[in-house]
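Text of run18.pdb (PDB, C-alpha atoms) as supplied:
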```
ATOM      1  CA  MET Y   1       2.787 -20.659   3.956
ATOM      2  CA  ALA Y   2      -0.843 -21.406   4.816
ATOM      3  CA  SER Y   3      -0.624 -19.013   7.776
ATOM      4  CA  THR Y   4       0.365 -16.114   5.485
ATOM      5  CA  ALA Y   5      -2.452 -17.020   3.112
ATOM      6  CA  ALA Y   6      -4.940 -17.273   5.966
ATOM      7  CA  ALA Y   7      -3.985 -13.782   7.167
ATOM      8  CA  ALA Y   8      -4.674 -12.160   3.774
ATOM      9  CA  GLU Y   9      -8.340 -11.179   3.534
ATOM     10  CA  VAL Y  10     -10.586  -8.307   2.536
ATOM     11  CA  ALA Y  11     -13.477  -6.766   4.462
ATOM     12  CA  LEU Y  12     -16.610  -6.397   2.318
ATOM     13  CA  ARG Y  13     -18.275  -2.964   2.409
ATOM     14  CA  SER Y  14     -21.860  -4.286   2.353
ATOM     15  CA  GLY Y  15     -23.493  -7.005   4.462
ATOM     16  CA  ASN Y  16     -22.420  -8.889   7.588
ATOM     17  CA  ALA Y  17     -20.024 -11.453   6.136
ATOM     18  CA  ARG Y  18     -16.702 -12.232   7.785
ATOM     19  CA  PRO Y  19     -13.732 -10.875   5.790
ATOM     20  CA  MET Y  20     -13.250 -12.698   2.476
ATOM     21  CA  PRO Y  21      -9.970 -14.664   2.234
ATOM     22  CA  ALA Y  22      -7.796 -13.247  -0.557
ATOM     23  CA  VAL Y  23      -7.749 -16.393  -2.728
ATOM     24  CA  GLY Y  24     -10.778 -18.612  -3.294
ATOM     25  CA  MET Y  25     -11.021 -22.136  -4.658
ATOM     26  CA  GLY Y  26     -13.420 -22.525  -7.582
ATOM     27  CA  THR Y  27     -15.415 -25.729  -8.031
ATOM     28  CA  ALA Y  28     -16.792 -25.464 -11.586
ATOM     29  CA  ALA Y  29     -15.665 -28.636 -13.361
ATOM     30  CA  PHE Y  30     -17.257 -30.239 -16.407
ATOM     31  CA  PRO Y  31     -17.889 -33.142 -16.480
ATOM     32  CA  HIS Y  32     -18.777 -33.029 -12.823
ATOM     33  CA  VAL Y  33     -17.693 -35.931 -10.572
ATOM     34  CA  PRO Y  34     -18.925 -35.423  -6.957
ATOM     35  CA  GLU Y  35     -16.280 -37.653  -5.322
ATOM     36  CA  THR Y  36     -13.465 -35.824  -7.145
ATOM     37  CA  ALA Y  37     -14.847 -32.435  -6.067
ATOM     38  CA  LYS Y  38     -15.151 -33.527  -2.424
ATOM     39  CA  ALA Y  39     -11.585 -34.898  -2.348
ATOM     40  CA  ALA Y  40     -10.246 -31.700  -3.944
ATOM     41  CA  VAL Y  41     -11.991 -29.470  -1.382
ATOM     42  CA  LEU Y  42     -10.569 -31.574   1.480
ATOM     43  CA  ALA Y  43      -7.093 -31.308  -0.069
ATOM     44  CA  ALA Y  44      -7.576 -27.531  -0.402
ATOM     45  CA  ILE Y  45      -8.590 -27.203   3.263
ATOM     46  CA  GLU Y  46      -5.465 -29.172   4.214
ATOM     47  CA  VAL Y  47      -3.153 -26.790   2.326
ATOM     48  CA  GLY Y  48      -4.798 -23.684   3.799
ATOM     49  CA  TYR Y  49      -7.825 -22.611   1.686
ATOM     50  CA  ARG Y  50     -10.681 -21.096   3.666
ATOM     51  CA  HIS Y  51     -12.672 -19.586   0.770
ATOM     52  CA  PHE Y  52     -14.784 -21.781  -1.536
ATOM     53  CA  ASP Y  53     -16.870 -20.791  -4.539
ATOM     54  CA  THR Y  54     -19.737 -22.909  -5.861
ATOM     55  CA  ALA Y  55     -23.044 -22.403  -7.686
ATOM     56  CA  TYR Y  56     -26.321 -24.213  -8.107
ATOM     57  CA  MET Y  57     -25.405 -24.688 -11.774
ATOM     58  CA  TYR Y  58     -22.071 -26.425 -11.021
ATOM     59  CA  GLY Y  59     -23.635 -29.319  -9.109
ATOM     60  CA  THR Y  60     -20.808 -29.033  -6.543
ATOM     61  CA  GLU Y  61     -22.767 -27.645  -3.594
ATOM     62  CA  LYS Y  62     -23.313 -31.116  -2.084
ATOM     63  CA  PRO Y  63     -19.681 -32.334  -2.322
ATOM     64  CA  LEU Y  64     -18.435 -28.974  -1.000
ATOM     65  CA  GLY Y  65     -20.824 -29.213   1.966
ATOM     66  CA  GLU Y  66     -19.818 -32.820   2.626
ATOM     67  CA  ALA Y  67     -16.106 -31.912   2.537
ATOM     68  CA  VAL Y  68     -16.565 -29.026   5.005
ATOM     69  CA  ALA Y  69     -18.669 -31.209   7.342
ATOM     70  CA  GLU Y  70     -16.011 -33.942   7.202
ATOM     71  CA  ALA Y  71     -13.208 -31.423   7.854
ATOM     72  CA  VAL Y  72     -15.072 -30.160  10.942
ATOM     73  CA  ARG Y  73     -15.663 -33.725  12.204
ATOM     74  CA  SER Y  74     -11.999 -34.648  11.750
ATOM     75  CA  GLY Y  75     -10.747 -31.452  13.414
ATOM     76  CA  LEU Y  76      -9.171 -30.066  10.226
ATOM     77  CA  LEU Y  77     -11.546 -27.101  10.720
ATOM     78  CA  ALA Y  78     -12.679 -25.881  14.141
ATOM     79  CA  SER Y  79     -16.149 -25.078  12.769
ATOM     80  CA  ARG Y  80     -18.082 -24.135   9.629
ATOM     81  CA  GLU Y  81     -17.483 -20.468  10.576
ATOM     82  CA  GLU Y  82     -13.837 -20.902   9.586
ATOM     83  CA  VAL Y  83     -14.732 -21.045   5.889
ATOM     84  CA  PHE Y  84     -16.140 -18.413   3.549
ATOM     85  CA  VAL Y  85     -18.628 -20.005   1.138
ATOM     86  CA  THR Y  86     -20.130 -18.369  -1.969
ATOM     87  CA  SER Y  87     -22.937 -19.815  -4.078
ATOM     88  CA  LYS Y  88     -24.969 -18.426  -6.958
ATOM     89  CA  LEU Y  89     -28.528 -18.156  -8.253
ATOM     90  CA  TRP Y  90     -28.831 -19.639 -11.766
ATOM     91  CA  CYS Y  91     -30.621 -17.987 -14.729
ATOM     92  CA  THR Y  92     -33.628 -20.348 -14.425
ATOM     93  CA  GLN Y  93     -33.985 -19.227 -10.768
ATOM     94  CA  ASN Y  94     -33.565 -15.540 -11.617
ATOM     95  CA  HIS Y  95     -37.181 -14.632 -10.761
ATOM     96  CA  PRO Y  96     -38.406 -12.734  -7.657
ATOM     97  CA  ASP Y  97     -40.489 -15.634  -6.281
ATOM     98  CA  LEU Y  98     -37.741 -18.238  -6.828
ATOM     99  CA  VAL Y  99     -34.797 -16.524  -5.095
ATOM    100  CA  LEU Y 100     -35.578 -17.533  -1.514
ATOM    101  CA  PRO Y 101     -36.593 -21.139  -2.340
ATOM    102  CA  SER Y 102     -33.448 -21.461  -4.497
ATOM    103  CA  LEU Y 103     -31.199 -20.303  -1.664
ATOM    104  CA  ARG Y 104     -32.949 -22.698   0.732
ATOM    105  CA  GLU Y 105     -32.238 -25.535  -1.718
ATOM    106  CA  THR Y 106     -28.596 -24.439  -1.960
ATOM    107  CA  LEU Y 107     -28.311 -24.424   1.853
ATOM    108  CA  LYS Y 108     -29.833 -27.901   2.018
ATOM    109  CA  ASN Y 109     -27.268 -29.091  -0.557
ATOM    110  CA  LEU Y 110     -24.440 -27.491   1.455
ATOM    111  CA  GLN Y 111     -25.821 -28.736   4.811
ATOM    112  CA  MET Y 112     -25.311 -25.175   6.059
ATOM    113  CA  GLU Y 113     -27.494 -22.607   7.806
ATOM    114  CA  TYR Y 114     -26.121 -19.715   5.766
ATOM    115  CA  VAL Y 115     -23.789 -18.827   2.892
ATOM    116  CA  ASP Y 116     -21.272 -16.042   3.397
ATOM    117  CA  LEU Y 117     -22.081 -14.634  -0.047
ATOM    118  CA  TYR Y 118     -24.960 -15.257  -2.474
ATOM    119  CA  LEU Y 119     -24.599 -13.958  -6.034
ATOM    120  CA  ILE Y 120     -26.896 -13.507  -9.016
ATOM    121  CA  HIS Y 121     -24.886 -15.682 -11.452
ATOM    122  CA  TRP Y 122     -25.787 -13.744 -14.639
ATOM    123  CA  PRO Y 123     -27.835 -10.617 -15.475
ATOM    124  CA  VAL Y 124     -29.986 -12.952 -17.558
ATOM    125  CA  ALA Y 125     -33.318 -14.652 -16.775
ATOM    126  CA  VAL Y 126     -34.456 -17.899 -18.356
ATOM    127  CA  LYS Y 127     -37.849 -19.602 -17.964
ATOM    128  CA  PRO Y 128     -37.962 -21.632 -14.727
ATOM    129  CA  GLY Y 129     -36.951 -25.286 -15.045
ATOM    130  CA  PRO Y 130     -33.955 -27.566 -14.453
ATOM    131  CA  PRO Y 131     -30.611 -25.817 -15.071
ATOM    132  CA  SER Y 132     -29.205 -26.483 -18.513
ATOM    133  CA  LEU Y 133     -26.503 -25.235 -20.871
ATOM    134  CA  PRO Y 134     -26.975 -24.131 -23.548
ATOM    135  CA  ASN Y 135     -30.456 -22.643 -23.032
ATOM    136  CA  LYS Y 136     -32.971 -22.142 -25.839
ATOM    137  CA  LYS Y 137     -33.069 -18.543 -27.052
ATOM    138  CA  GLU Y 138     -36.866 -18.484 -26.863
ATOM    139  CA  ASP Y 139     -36.644 -19.368 -23.132
ATOM    140  CA  ALA Y 140     -34.839 -16.076 -22.347
ATOM    141  CA  VAL Y 141     -37.243 -13.724 -20.563
ATOM    142  CA  PRO Y 142     -36.900 -10.122 -19.328
ATOM    143  CA  PHE Y 143     -34.787  -9.886 -16.152
ATOM    144  CA  ASP Y 144     -36.728  -8.185 -13.325
ATOM    145  CA  ILE Y 145     -33.638  -6.711 -11.680
ATOM    146  CA  GLU Y 146     -35.568  -4.810  -8.995
ATOM    147  CA  GLY Y 147     -37.822  -7.731  -8.044
ATOM    148  CA  VAL Y 148     -34.944 -10.209  -7.922
ATOM    149  CA  TRP Y 149     -32.737  -7.842  -5.907
ATOM    150  CA  ARG Y 150     -35.548  -7.223  -3.356
ATOM    151  CA  ALA Y 151     -35.656 -11.000  -2.845
ATOM    152  CA  MET Y 152     -31.839 -11.117  -2.529
ATOM    153  CA  GLU Y 153     -32.053  -8.363   0.121
ATOM    154  CA  GLU Y 154     -34.623 -10.473   1.969
ATOM    155  CA  CYS Y 155     -32.154 -13.407   1.956
ATOM    156  CA  GLN Y 156     -29.632 -11.163   3.718
ATOM    157  CA  ARG Y 157     -32.204  -9.807   6.194
ATOM    158  CA  LEU Y 158     -33.152 -13.378   7.131
ATOM    159  CA  GLY Y 159     -29.479 -14.218   7.759
ATOM    160  CA  LEU Y 160     -29.478 -16.963   5.095
ATOM    161  CA  ALA Y 161     -26.827 -15.000   3.186
ATOM    162  CA  LYS Y 162     -24.400 -12.834   5.165
ATOM    163  CA  ALA Y 163     -23.770 -10.710   2.069
ATOM    164  CA  ILE Y 164     -25.266 -10.515  -1.423
ATOM    165  CA  GLY Y 165     -23.813  -9.606  -4.779
ATOM    166  CA  VAL Y 166     -23.686 -10.253  -8.504
ATOM    167  CA  SER Y 167     -21.612 -11.929 -11.187
ATOM    168  CA  ASN Y 168     -21.000 -11.065 -14.847
ATOM    169  CA  PHE Y 169     -22.496  -7.565 -14.386
ATOM    170  CA  THR Y 170     -21.181  -4.684 -16.498
ATOM    171  CA  THR Y 171     -21.294  -1.043 -15.359
ATOM    172  CA  LYS Y 172     -24.625  -0.722 -17.247
ATOM    173  CA  HIS Y 173     -26.148  -3.593 -15.260
ATOM    174  CA  LEU Y 174     -24.726  -2.160 -12.034
ATOM    175  CA  ASP Y 175     -26.160   1.299 -12.797
ATOM    176  CA  LYS Y 176     -29.624  -0.271 -13.071
ATOM    177  CA  LEU Y 177     -29.132  -2.278  -9.886
ATOM    178  CA  LEU Y 178     -27.770   0.591  -7.772
ATOM    179  CA  ALA Y 179     -30.723   2.758  -8.816
ATOM    180  CA  VAL Y 180     -33.105   0.371  -7.005
ATOM    181  CA  ALA Y 181     -30.949  -1.312  -4.340
ATOM    182  CA  LYS Y 182     -31.560  -0.655  -0.639
ATOM    183  CA  ILE Y 183     -28.603  -2.923   0.182
ATOM    184  CA  PRO Y 184     -25.789  -2.425  -2.363
ATOM    185  CA  PRO Y 185     -24.061  -5.502  -3.814
ATOM    186  CA  ALA Y 186     -20.964  -6.449  -1.813
ATOM    187  CA  VAL Y 187     -19.218  -8.187  -4.709
ATOM    188  CA  ASN Y 188     -19.201  -8.417  -8.521
ATOM    189  CA  GLN Y 189     -17.502 -11.632  -9.681
ATOM    190  CA  VAL Y 190     -16.363 -11.382 -13.297
ATOM    191  CA  GLU Y 191     -13.918 -12.889 -15.759
ATOM    192  CA  LEU Y 192     -10.655 -11.090 -14.998
ATOM    193  CA  ASN Y 193      -6.995 -11.915 -15.605
ATOM    194  CA  PRO Y 194      -3.932 -10.314 -17.259
ATOM    195  CA  VAL Y 195      -5.491 -10.972 -20.679
ATOM    196  CA  TRP Y 196      -8.883  -9.480 -19.693
ATOM    197  CA  GLN Y 197      -8.050  -6.734 -17.209
ATOM    198  CA  GLN Y 198     -11.462  -5.032 -16.830
ATOM    199  CA  ARG Y 199      -9.996  -1.595 -16.051
ATOM    200  CA  THR Y 200     -13.262   0.326 -16.617
ATOM    201  CA  LEU Y 201     -15.296  -2.038 -14.471
ATOM    202  CA  ARG Y 202     -12.685  -2.117 -11.694
ATOM    203  CA  ALA Y 203     -12.572   1.684 -11.492
ATOM    204  CA  TYR Y 204     -16.390   1.841 -11.367
ATOM    205  CA  CYS Y 205     -16.634  -0.831  -8.640
ATOM    206  CA  ALA Y 206     -13.896   0.851  -6.569
ATOM    207  CA  GLU Y 207     -15.824   4.129  -6.707
ATOM    208  CA  LYS Y 208     -19.065   2.387  -5.647
ATOM    209  CA  GLY Y 209     -17.527   0.281  -2.859
ATOM    210  CA  ILE Y 210     -18.167  -3.027  -4.661
ATOM    211  CA  HIS Y 211     -15.421  -5.622  -4.225
ATOM    212  CA  VAL Y 212     -14.343  -7.395  -7.418
ATOM    213  CA  ALA Y 213     -13.678 -11.143  -7.504
ATOM    214  CA  ALA Y 214     -12.065 -12.788 -10.543
ATOM    215  CA  TYR Y 215     -13.160 -16.034 -12.140
ATOM    216  CA  SER Y 216     -10.945 -17.598 -14.828
ATOM    217  CA  PRO Y 217      -7.942 -15.844 -13.217
ATOM    218  CA  LEU Y 218      -5.710 -18.198 -15.215
ATOM    219  CA  GLY Y 219      -7.731 -17.820 -18.430
ATOM    220  CA  GLY Y 220      -9.340 -21.181 -17.828
ATOM    221  CA  GLN Y 221     -12.755 -21.383 -19.401
ATOM    222  CA  ASN Y 222     -11.914 -21.994 -23.047
ATOM    223  CA  TRP Y 223     -13.124 -25.579 -23.290
ATOM    224  CA  ASP Y 224     -13.106 -25.440 -27.092
ATOM    225  CA  GLY Y 225      -9.398 -26.225 -27.071
ATOM    226  CA  THR Y 226      -8.259 -22.896 -28.519
ATOM    227  CA  GLY Y 227      -5.389 -22.699 -26.055
ATOM    228  CA  ASN Y 228      -4.963 -20.477 -23.028
ATOM    229  CA  ALA Y 229      -3.844 -16.878 -23.553
ATOM    230  CA  VAL Y 230      -2.851 -16.458 -19.875
ATOM    231  CA  LEU Y 231      -0.813 -19.622 -19.306
ATOM    232  CA  GLU Y 232       0.726 -19.331 -22.797
ATOM    233  CA  SER Y 233       1.585 -15.630 -22.446
ATOM    234  CA  GLU Y 234       5.225 -14.927 -23.265
ATOM    235  CA  VAL Y 235       5.086 -11.727 -21.199
ATOM    236  CA  LEU Y 236       3.969 -13.624 -18.091
ATOM    237  CA  ALA Y 237       6.447 -16.435 -18.794
ATOM    238  CA  GLY Y 238       9.316 -13.902 -18.868
ATOM    239  CA  ILE Y 239       8.242 -12.365 -15.557
ATOM    240  CA  ALA Y 240       7.781 -15.816 -13.995
ATOM    241  CA  LYS Y 241      11.284 -16.860 -15.036
ATOM    242  CA  ALA Y 242      12.821 -13.688 -13.606
ATOM    243  CA  ARG Y 243      10.942 -14.095 -10.313
ATOM    244  CA  GLY Y 244      11.429 -17.859  -9.962
ATOM    245  CA  LYS Y 245       7.652 -18.339  -9.950
ATOM    246  CA  THR Y 246       5.093 -20.158 -12.112
ATOM    247  CA  VAL Y 247       3.060 -18.262 -14.751
ATOM    248  CA  ALA Y 248      -0.048 -19.019 -12.656
ATOM    249  CA  GLN Y 249       1.535 -17.441  -9.576
ATOM    250  CA  VAL Y 250       2.419 -14.296 -11.550
ATOM    251  CA  ALA Y 251      -1.159 -14.001 -12.882
ATOM    252  CA  LEU Y 252      -2.659 -14.516  -9.397
ATOM    253  CA  ARG Y 253      -0.219 -12.082  -7.772
ATOM    254  CA  TRP Y 254      -1.072  -9.456 -10.420
ATOM    255  CA  ILE Y 255      -4.799  -9.902  -9.678
ATOM    256  CA  TYR Y 256      -4.159  -9.686  -5.919
ATOM    257  CA  GLU Y 257      -2.126  -6.485  -6.374
ATOM    258  CA  GLN Y 258      -5.115  -4.934  -8.221
ATOM    259  CA  GLY Y 259      -7.161  -5.416  -5.026
ATOM    260  CA  VAL Y 260      -9.155  -8.213  -6.669
ATOM    261  CA  THR Y 261      -9.832 -11.690  -5.192
ATOM    262  CA  PRO Y 262      -8.970 -14.528  -7.592
ATOM    263  CA  ILE Y 263     -11.239 -17.596  -7.585
ATOM    264  CA  VAL Y 264      -8.955 -20.262  -8.977
ATOM    265  CA  LYS Y 265     -10.057 -23.769  -9.901
ATOM    266  CA  SER Y 266      -7.611 -26.616  -9.519
ATOM    267  CA  TYR Y 267      -8.203 -30.139  -8.262
ATOM    268  CA  ASN Y 268      -4.464 -30.878  -8.126
ATOM    269  CA  LYS Y 269      -3.069 -30.624  -4.575
ATOM    270  CA  GLU Y 270       0.371 -29.375  -5.617
ATOM    271  CA  ARG Y 271      -1.106 -26.641  -7.836
ATOM    272  CA  LEU Y 272      -3.630 -25.743  -5.122
ATOM    273  CA  LYS Y 273      -0.662 -25.198  -2.795
ATOM    274  CA  GLN Y 274       1.288 -23.161  -5.392
ATOM    275  CA  ASN Y 275      -1.765 -20.963  -6.028
ATOM    276  CA  LEU Y 276      -1.676 -19.827  -2.370
ATOM    277  CA  GLU Y 277       2.044 -18.987  -2.488
ATOM    278  CA  ILE Y 278       1.593 -15.433  -3.756
ATOM    279  CA  PHE Y 279       1.789 -13.366  -0.560
ATOM    280  CA  ASP Y 280       5.492 -13.119   0.309
ATOM    281  CA  TRP Y 281       6.778 -11.436  -2.873
ATOM    282  CA  GLU Y 282       5.792  -8.576  -5.184
ATOM    283  CA  LEU Y 283       5.738  -7.629  -8.833
ATOM    284  CA  THR Y 284       7.892  -4.665  -9.871
ATOM    285  CA  ASP Y 285       6.654  -1.495 -11.580
ATOM    286  CA  GLU Y 286       8.297  -2.792 -14.744
ATOM    287  CA  ASP Y 287       6.348  -6.070 -14.446
ATOM    288  CA  HIS Y 288       3.130  -4.063 -14.120
ATOM    289  CA  GLN Y 289       3.968  -1.990 -17.193
ATOM    290  CA  LYS Y 290       4.637  -5.123 -19.244
ATOM    291  CA  ILE Y 291       1.364  -6.726 -18.098
ATOM    292  CA  SER Y 292      -0.599  -3.548 -18.848
ATOM    293  CA  ARG Y 293       0.460  -3.839 -22.514
ATOM    294  CA  ILE Y 294      -0.817  -7.421 -23.004
ATOM    295  CA  PRO Y 295      -3.431  -7.534 -25.823
ATOM    296  CA  GLN Y 296      -6.920  -8.017 -24.357
ATOM    297  CA  LEU Y 297      -9.147 -10.986 -25.149
ATOM    298  CA  LYS Y 298     -12.497 -11.902 -23.562
ATOM    299  CA  VAL Y 299     -13.420 -15.600 -23.503
ATOM    300  CA  ILE Y 300     -16.826 -15.780 -21.787
ATOM    301  CA  LYS Y 301     -19.750 -14.021 -23.472
ATOM    302  CA  GLY Y 302     -23.445 -13.884 -22.559
ATOM    303  CA  HIS Y 303     -24.522 -15.403 -25.859
ATOM    304  CA  GLY Y 304     -22.600 -18.530 -24.883
ATOM    305  CA  LEU Y 305     -25.463 -19.344 -22.502
ATOM    306  CA  PHE Y 306     -27.718 -20.007 -25.474
ATOM    307  CA  SER Y 307     -27.754 -22.467 -28.366
ATOM    308  CA  GLN Y 308     -27.051 -21.124 -31.860
ATOM    309  CA  GLU Y 309     -30.500 -22.117 -33.143
ATOM    310  CA  GLY Y 310     -33.760 -20.273 -32.601
ATOM    311  CA  GLU Y 311     -34.528 -16.621 -31.933
ATOM    312  CA  PHE Y 312     -34.780 -14.370 -28.898
ATOM    313  CA  THR Y 313     -38.496 -13.582 -28.737
ATOM    314  CA  SER Y 314     -38.898 -11.605 -25.505
ATOM    315  CA  VAL Y 315     -35.496 -10.037 -24.799
ATOM    316  CA  ASP Y 316     -33.181  -7.695 -26.649
ATOM    317  CA  PRO Y 317     -29.965  -9.624 -27.407
ATOM    318  CA  ALA Y 318     -28.001  -6.445 -26.540
ATOM    319  CA  ASP Y 319     -29.158  -6.871 -22.914
ATOM    320  CA  LEU Y 320     -27.204 -10.134 -22.765
ATOM    321  CA  ASN Y 321     -23.911  -8.403 -23.552
ATOM    322  CA  ILE Y 322     -21.479  -8.756 -20.633
ATOM    323  CA  VAL Y 323     -18.473  -7.273 -22.440
ATOM    324  CA  GLU Y 324     -17.721  -3.872 -20.909
ATOM    325  CA  GLU Y 325     -17.974  -1.257 -23.669
TER     326      GLU Y 325
END
```

For the structure just supplied, provide its representation as structure tokens.
Amino acid sequence: MASTAAAAEVALRSGNARPMPAVGMGTAAFPHVPETAKAAVLAAIEVGYRHFDTAYMYGTEKPLGEAVAEAVRSGLLASREEVFVTSKLWCTQNHPDLVLPSLRETLKNLQMEYVDLYLIHWPVAVKPGPPSLPNKKEDAVPFDIEGVWRAMEECQRLGLAKAIGVSNFTTKHLDKLLAVAKIPPAVNQVELNPVWQQRTLRAYCAEKGIHVAAYSPLGGQNWDGTGNAVLESEVLAGIAKARGKTVAQVALRWIYEQGVTPIVKSYNKERLKQNLEIFDWELTDEDHQKISRIPQLKVIKGHGLFSQEGEFTSVDPADLNIVEE
């Protein structure tokens, strides 16, 4: 099965990255336990993953780098070039003069000479300082999209990032970015799954040659215990039963059939394996019609980056909106 998974990849339209494998492993886990993350990445490499997604904010750059280095030493990987690694610039680093030093710190954490893809994590800037969640509203500052993107372009020119892109950008944010970009973003990574299908954004990105990657492909990031609209979907459960698949496999296959790359977080080896087993079967037109009628629900919102108290003093709260209108 791993061989089929390894063969499925997508060429990015911007930058010099190797093709991106069609399913990525996410490493955002709270609370964060480095040893657990490292073991999970090694297990993922064993079952066939070659695409790993981290971020400065997650605190998983070091364990990911250690796992890849160990896999190369043990012969599980021929070399670092065999893996596609994405990391992200956090809101506190989202300033023109901090982009390059932040990427250098990320590379030191990863023990790597380059990342395959470096993303602006949010279209939001916060006063420089240690990464924290939630941030204070008064620490939000105007986002210098042109200045930050120039620095991102420099990261690519220096070969420290093979490709550059963004995350959580709406079409409005992308319009602003494309107006000033010399190198267009290769990727926009956003919340996307059968319960938040992002049709408008996907059509826009397809037209502009920007590849879409999906975080929370299984509806994962509702840590408030309100349940999971993807894994608890009766529509997806019915399709899964008819196909002899898991609900997760149906959701991931649907994302893959939209031309989107799911970034799926699991630290369980059996589920990691199941999440790659989506390439040797297809959804029917009827399945697609049923999924297209699922009520839509967005979980992650820009205001979630900030505490409830205090006031925004130097930014317009509307600029923090990442829900596509």

Please report, as JSON lines, each residue of region 42-95 of chain Y lying at most 12 Å from region 99-103 of chain Y, together with the nearest pair of atoms and the separation in Å rounded to one decimal; use only C-alpha atoms, and order rows by chain and ascending residue number.
```
{"residue": "Y:Ala55", "atom": "CA", "partner": "Y:Leu103", "partner_atom": "CA", "distance": 10.4}
{"residue": "Y:Tyr56", "atom": "CA", "partner": "Y:Ser102", "partner_atom": "CA", "distance": 8.4}
{"residue": "Y:Met57", "atom": "CA", "partner": "Y:Ser102", "partner_atom": "CA", "distance": 11.3}
{"residue": "Y:Glu61", "atom": "CA", "partner": "Y:Leu103", "partner_atom": "CA", "distance": 11.3}
{"residue": "Y:Thr86", "atom": "CA", "partner": "Y:Leu103", "partner_atom": "CA", "distance": 11.2}
{"residue": "Y:Ser87", "atom": "CA", "partner": "Y:Leu103", "partner_atom": "CA", "distance": 8.6}
{"residue": "Y:Lys88", "atom": "CA", "partner": "Y:Leu103", "partner_atom": "CA", "distance": 8.4}
{"residue": "Y:Leu89", "atom": "CA", "partner": "Y:Ser102", "partner_atom": "CA", "distance": 7.0}
{"residue": "Y:Trp90", "atom": "CA", "partner": "Y:Ser102", "partner_atom": "CA", "distance": 8.8}
{"residue": "Y:Cys91", "atom": "CA", "partner": "Y:Val99", "partner_atom": "CA", "distance": 10.6}
{"residue": "Y:Thr92", "atom": "CA", "partner": "Y:Ser102", "partner_atom": "CA", "distance": 10.0}
{"residue": "Y:Gln93", "atom": "CA", "partner": "Y:Val99", "partner_atom": "CA", "distance": 6.3}
{"residue": "Y:Asn94", "atom": "CA", "partner": "Y:Val99", "partner_atom": "CA", "distance": 6.7}
{"residue": "Y:His95", "atom": "CA", "partner": "Y:Val99", "partner_atom": "CA", "distance": 6.4}
```

* Structure fact -> Shortest contact to Val260 (chain Y), candidates Y:Arg293, Y:Arg202, Y:Lys245, Y:Lys62, atoms counted all atoms listed in the file, goes to Y:Arg202

* To do: With a distance cut-off of 6 Å and all atoms listed in the file, select the neighbouring residues of region 188-198 of chain Y, excluding the residue or stretch itself and same-chain residues fewer than 2 positions from it, and output the selection as a PyMOL selection string.
  => chain Y and resi 166-168+200-201+212-217+296-298

* To do: In Å, rounded to a single decimal, give me how far CA of Ala140 (chain Y) is from CA of Ala163 (chain Y).
  =>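 Between these atoms lies a distance of 27.3 Å.
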
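Of the listed residues Y:Pro96, Y:Pro19, Y:Pro131, Y:Gly302, the one whose atoms come nearest to Val148 (chain Y) is Y:Pro96, with distances taken using only C-alpha atoms.
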
* Asked: Written as a VMD selection string, what is the full residue list that the PyMOL selection byres ((chain Y and resi 303) around 12) yields on the file shown?
  -> chain Y and resid 122 to 124 133 to 137 140 299 to 302 304 to 309 311 to 312 316 to 323
